[in-house]
$ cat coords.pdb   # PDB, C-alpha atoms
ATOM      1  CA  MET O   1       0.000   0.000   0.000
ATOM      2  CA  ASN O   2       0.912   3.670  -0.135
ATOM      3  CA  SER O   3       3.654   4.492   2.384
ATOM      4  CA  LEU O   4       2.115   7.964   2.863
ATOM      5  CA  SER O   5      -1.238   6.550   3.952
ATOM      6  CA  ASP O   6      -2.425   6.666   7.541
ATOM      7  CA  THR O   7      -4.714   3.681   6.868
ATOM      8  CA  HIS O   8      -3.574   0.382   8.346
ATOM      9  CA  PRO O   9      -2.555  -1.984   5.501
ATOM     10  CA  GLU O  10      -5.163  -4.607   6.484
ATOM     11  CA  ILE O  11      -7.948  -2.024   6.480
ATOM     12  CA  ALA O  12      -6.768  -0.693   3.107
ATOM     13  CA  ARG O  13      -6.791  -4.242   1.712
ATOM     14  CA  ARG O  14     -10.375  -4.728   2.945
ATOM     15  CA  GLN O  15     -11.461  -1.401   1.459
ATOM     16  CA  ILE O  16     -10.025  -2.377  -1.934
ATOM     17  CA  GLU O  17     -11.742  -5.758  -1.702
ATOM     18  CA  LEU O  18     -15.099  -4.082  -0.998
ATOM     19  CA  ILE O  19     -14.635  -1.581  -3.818
ATOM     20  CA  ARG O  20     -13.868  -4.392  -6.255
ATOM     21  CA  ARG O  21     -17.180  -6.055  -5.342
ATOM     22  CA  LEU O  22     -19.163  -2.982  -6.403
ATOM     23  CA  THR O  23     -20.756  -2.781  -9.804
ATOM     24  CA  PRO O  24     -19.407  -0.178 -12.254
ATOM     25  CA  GLU O  25     -22.588   1.829 -11.656
ATOM     26  CA  GLN O  26     -22.028   1.806  -7.900
ATOM     27  CA  ARG O  27     -18.384   2.853  -8.270
ATOM     28  CA  SER O  28     -19.398   5.624 -10.680
ATOM     29  CA  GLY O  29     -22.053   6.810  -8.244
ATOM     30  CA  ILE O  30     -19.534   6.967  -5.409
ATOM     31  CA  ALA O  31     -17.064   8.860  -7.602
ATOM     32  CA  ALA O  32     -19.768  11.337  -8.678
ATOM     33  CA  LYS O  33     -20.810  11.923  -5.056
ATOM     34  CA  MET O  34     -17.216  12.446  -3.949
ATOM     35  CA  THR O  35     -16.655  14.896  -6.816
ATOM     36  CA  ALA O  36     -19.822  16.844  -5.963
ATOM     37  CA  ASP O  37     -18.780  16.961  -2.299
ATOM     38  CA  ALA O  38     -15.293  18.222  -3.212
ATOM     39  CA  VAL O  39     -16.765  20.971  -5.424
ATOM     40  CA  ARG O  40     -19.257  21.979  -2.728
ATOM     41  CA  LEU O  41     -16.584  22.102  -0.035
ATOM     42  CA  SER O  42     -14.121  24.061  -2.164
ATOM     43  CA  ARG O  43     -16.804  26.601  -3.098
ATOM     44  CA  ALA O  44     -17.730  26.903   0.574
ATOM     45  CA  GLY O  45     -14.074  27.614   1.328
ATOM     46  CA  ILE O  46     -14.012  30.380  -1.268
ATOM     47  CA  ALA O  47     -17.216  31.842   0.167
ATOM     48  CA  ARG O  48     -15.753  31.818   3.694
ATOM     49  CA  ALA O  49     -12.520  33.435   2.516
ATOM     50  CA  HIS O  50     -14.412  36.063   0.464
ATOM     51  CA  PRO O  51     -17.718  36.866   2.179
ATOM     52  CA  GLU O  52     -18.106  39.909  -0.071
ATOM     53  CA  LEU O  53     -18.680  37.685  -3.137
ATOM     54  CA  SER O  54     -22.143  36.833  -4.389
ATOM     55  CA  ALA O  55     -23.077  33.187  -4.944
ATOM     56  CA  ILE O  56     -22.444  33.509  -8.690
ATOM     57  CA  GLU O  57     -19.077  35.176  -8.088
ATOM     58  CA  VAL O  58     -18.070  32.305  -5.792
ATOM     59  CA  LYS O  59     -18.898  29.871  -8.609
ATOM     60  CA  LEU O  60     -16.997  31.983 -11.127
ATOM     61  CA  CYS O  61     -13.986  32.199  -8.816
ATOM     62  CA  TRP O  62     -14.031  28.417  -8.413
ATOM     63  CA  ALA O  63     -14.334  27.945 -12.176
ATOM     64  CA  GLU O  64     -11.444  30.355 -12.783
ATOM     65  CA  VAL O  65      -9.188  28.207 -10.595
ATOM     66  CA  HIS O  66     -10.180  25.051 -12.476
ATOM     67  CA  TYR O  67     -10.706  26.268 -16.045
ATOM     68  CA  GLY O  68      -8.521  29.360 -16.305
ATOM     69  CA  LYS O  69      -8.934  33.114 -16.202
ATOM     70  CA  ALA O  70      -9.288  33.576 -19.973
ATOM     71  CA  LEU O  71     -12.372  31.368 -20.194
ATOM     72  CA  ILE O  72     -14.015  32.809 -17.097
ATOM     73  CA  ASP O  73     -13.358  36.368 -18.281
ATOM     74  CA  ARG O  74     -15.360  35.435 -21.393
ATOM     75  CA  VAL O  75     -18.129  33.973 -19.218
ATOM     76  CA  ARG O  76     -18.212  37.156 -17.117
ATOM     77  CA  ALA O  77     -18.444  39.282 -20.290
ATOM     78  CA  TYR O  78     -21.284  37.078 -21.552
ATOM     79  CA  LEU O  79     -23.133  37.390 -18.241
ATOM     80  CA  ARG O  80     -22.729  41.199 -18.243
ATOM     81  CA  ALA O  81     -24.034  41.402 -21.833
ATOM     82  CA  ARG O  82     -26.984  39.162 -21.004
ATOM     83  CA  GLU O  83     -27.758  41.290 -17.943
ATOM     84  CA  ARG O  84     -27.727  44.470 -20.052
ATOM     85  CA  LEU O  85     -30.148  42.929 -22.555
ATOM     86  CA  ALA O  86     -32.515  41.766 -19.824
ATOM     87  CA  GLY O  87     -32.307  44.927 -17.783
TER      88      GLY O  87
END
$ encode --input "coords.pdb" --output "structure tokens"
Amino acid sequence: MNSLSDTHPEIARRQIELIRRLTPEQRSGIAAKMTADAVRLSRAGIARAHPELSAIEVKLCWAEVHYGKALIDRVRAYLRARERLAG
């Protein structure tokens, strides 16, 4: 097992055994849930660090970290243009 893990080797072996027994759909479901939790927690961290940001700005900040400033600048410009048309 991984020498950097704090999980006892026997427990890690059992975990792997249990994971291998899951169907592909079950493993995919677990992975999707873990991903959603990670996104939610990281956005919550951004919101705590920047309480002045709106909910949409927190999402845009998160997206900028993961997808790059250039893309999110284009998204922000699109959102501003859409707001002007609606307003």
$ atom_distance --input "coords.pdb" --atom1 "atom CA of O:Arg74" --atom2 "atom CA of O:Leu41"
25.2 Å
$ atom_distance --input "coords.pdb" --atom1 "atom CA of O:Arg43" --atom2 "atom CA of O:Ile72"
15.6 Å
$ atom_distance --input "coords.pdb" --atom1 "atom CA of O:Val65" --atom2 "atom CA of O:Leu79"
18.4 Å
$ closest_residue --input "coords.pdb" --among "O:Ala47, O:Arg76, O:Arg40, O:Arg13" --to "O:Leu60" --atoms "all atoms listed in the file"
O:Arg76
$ axis_aligned_box --input "coords.pdb" --around "stretch 65-73 of chain O" --padding-each-side "6 Å" --output "JSON"
{"center_x": -11.3, "center_y": 30.7, "center_z": -15.4, "size_x": 17.5, "size_y": 23.3, "size_z": 21.6}
$ closest_residue --input "coords.pdb" --among "O:Ile16, O:Leu85, O:Val75, O:Gly29" --to "O:Ile56" --atoms "only C-alpha atoms"
O:Val75
$ resolve_selection --input "coords.pdb" --expression "the PyMOL selection byres ((chain O and resi 58) around 12)" --output "PyMOL selection string"
chain O and resi 39-57+59-65
$ build_atoms --input "coords.pdb" --residues "stretch 52-87 of chain O" --atoms "N, CA and C atoms" --output "tab-separated table (two decimals), in the frame of the given file"
chain	number	residue	atom	x	y	z
O	52	GLU	N	-17.56	38.82	0.75
O	52	GLU	CA	-18.11	39.91	-0.07
O	52	GLU	C	-18.62	39.43	-1.43
O	53	LEU	N	-18.28	38.20	-1.83
O	53	LEU	CA	-18.68	37.68	-3.14
O	53	LEU	C	-20.11	37.16	-3.12
O	54	SER	N	-20.81	37.41	-4.21
O	54	SER	CA	-22.14	36.83	-4.39
O	54	SER	C	-22.00	35.34	-4.69
O	55	ALA	N	-23.10	34.63	-4.66
O	55	ALA	CA	-23.08	33.19	-4.94
O	55	ALA	C	-22.53	32.91	-6.34
O	56	ILE	N	-22.94	33.72	-7.32
O	56	ILE	CA	-22.44	33.51	-8.69
O	56	ILE	C	-20.96	33.83	-8.78
O	57	GLU	N	-20.50	34.84	-8.07
O	57	GLU	CA	-19.08	35.18	-8.09
O	57	GLU	C	-18.24	34.08	-7.43
O	58	VAL	N	-18.78	33.44	-6.40
O	58	VAL	CA	-18.07	32.30	-5.79
O	58	VAL	C	-17.91	31.20	-6.83
O	59	LYS	N	-18.97	30.91	-7.57
O	59	LYS	CA	-18.90	29.87	-8.61
O	59	LYS	C	-17.92	30.25	-9.70
O	60	LEU	N	-17.92	31.53	-10.09
O	60	LEU	CA	-17.00	31.98	-11.13
O	60	LEU	C	-15.55	31.93	-10.64
O	61	CYS	N	-15.33	32.28	-9.40
O	61	CYS	CA	-13.99	32.20	-8.82
O	61	CYS	C	-13.50	30.75	-8.82
O	62	TRP	N	-14.38	29.84	-8.40
O	62	TRP	CA	-14.03	28.42	-8.41
O	62	TRP	C	-13.70	27.96	-9.84
O	63	ALA	N	-14.54	28.35	-10.78
O	63	ALA	CA	-14.33	27.94	-12.18
O	63	ALA	C	-13.03	28.52	-12.73
O	64	GLU	N	-12.69	29.73	-12.32
O	64	GLU	CA	-11.44	30.36	-12.78
O	64	GLU	C	-10.24	29.53	-12.33
O	65	VAL	N	-10.28	29.05	-11.11
O	65	VAL	CA	-9.19	28.21	-10.60
O	65	VAL	C	-9.06	26.93	-11.42
O	66	HIS	N	-10.19	26.35	-11.81
O	66	HIS	CA	-10.18	25.05	-12.48
O	66	HIS	C	-10.12	25.11	-14.00
O	67	TYR	N	-10.62	26.20	-14.58
O	67	TYR	CA	-10.71	26.27	-16.05
O	67	TYR	C	-9.90	27.41	-16.65
O	68	GLY	N	-9.37	28.29	-15.81
O	68	GLY	CA	-8.52	29.36	-16.30
O	68	GLY	C	-9.23	30.71	-16.40
O	69	LYS	N	-8.42	31.75	-16.21
O	69	LYS	CA	-8.93	33.11	-16.20
O	69	LYS	C	-9.50	33.53	-17.56
O	70	ALA	N	-8.84	33.15	-18.64
O	70	ALA	CA	-9.29	33.58	-19.97
O	70	ALA	C	-10.73	33.13	-20.24
O	71	LEU	N	-11.02	31.88	-19.96
O	71	LEU	CA	-12.37	31.37	-20.19
O	71	LEU	C	-13.38	32.07	-19.30
O	72	ILE	N	-13.05	32.22	-18.03
O	72	ILE	CA	-14.02	32.81	-17.10
O	72	ILE	C	-14.19	34.30	-17.36
O	73	ASP	N	-13.17	34.97	-17.85
O	73	ASP	CA	-13.36	36.37	-18.28
O	73	ASP	C	-14.39	36.45	-19.40
O	74	ARG	N	-14.36	35.48	-20.32
O	74	ARG	CA	-15.36	35.44	-21.39
O	74	ARG	C	-16.75	35.15	-20.83
O	75	VAL	N	-16.84	34.27	-19.85
O	75	VAL	CA	-18.13	33.97	-19.22
O	75	VAL	C	-18.66	35.22	-18.52
O	76	ARG	N	-17.79	35.92	-17.80
O	76	ARG	CA	-18.21	37.16	-17.12
O	76	ARG	C	-18.72	38.19	-18.13
O	77	ALA	N	-18.01	38.34	-19.25
O	77	ALA	CA	-18.44	39.28	-20.29
O	77	ALA	C	-19.80	38.87	-20.85
O	78	TYR	N	-20.00	37.58	-21.07
O	78	TYR	CA	-21.28	37.08	-21.55
O	78	TYR	C	-22.39	37.39	-20.55
O	79	LEU	N	-22.12	37.15	-19.27
O	79	LEU	CA	-23.13	37.39	-18.24
O	79	LEU	C	-23.48	38.88	-18.15
O	80	ARG	N	-22.47	39.75	-18.27
O	80	ARG	CA	-22.73	41.20	-18.24
O	80	ARG	C	-23.58	41.61	-19.43
O	81	ALA	N	-23.27	41.08	-20.62
O	81	ALA	CA	-24.03	41.40	-21.83
O	81	ALA	C	-25.48	40.90	-21.70
O	82	ARG	N	-25.64	39.72	-21.18
O	82	ARG	CA	-26.98	39.16	-21.00
O	82	ARG	C	-27.78	40.00	-20.00
O	83	GLU	N	-27.11	40.45	-18.96
O	83	GLU	CA	-27.76	41.29	-17.94
O	83	GLU	C	-28.21	42.62	-18.54
O	84	ARG	N	-27.36	43.20	-19.39
O	84	ARG	CA	-27.73	44.47	-20.05
O	84	ARG	C	-28.95	44.29	-20.95
O	85	LEU	N	-29.00	43.18	-21.68
O	85	LEU	CA	-30.15	42.93	-22.56
O	85	LEU	C	-31.44	42.72	-21.77
O	86	ALA	N	-31.32	42.06	-20.63
O	86	ALA	CA	-32.52	41.77	-19.82
O	86	ALA	C	-32.95	42.97	-19.01
O	87	GLY	N	-32.01	43.84	-18.70
O	87	GLY	CA	-32.31	44.93	-17.78
O	87	GLY	C	-32.79	46.15	-18.41
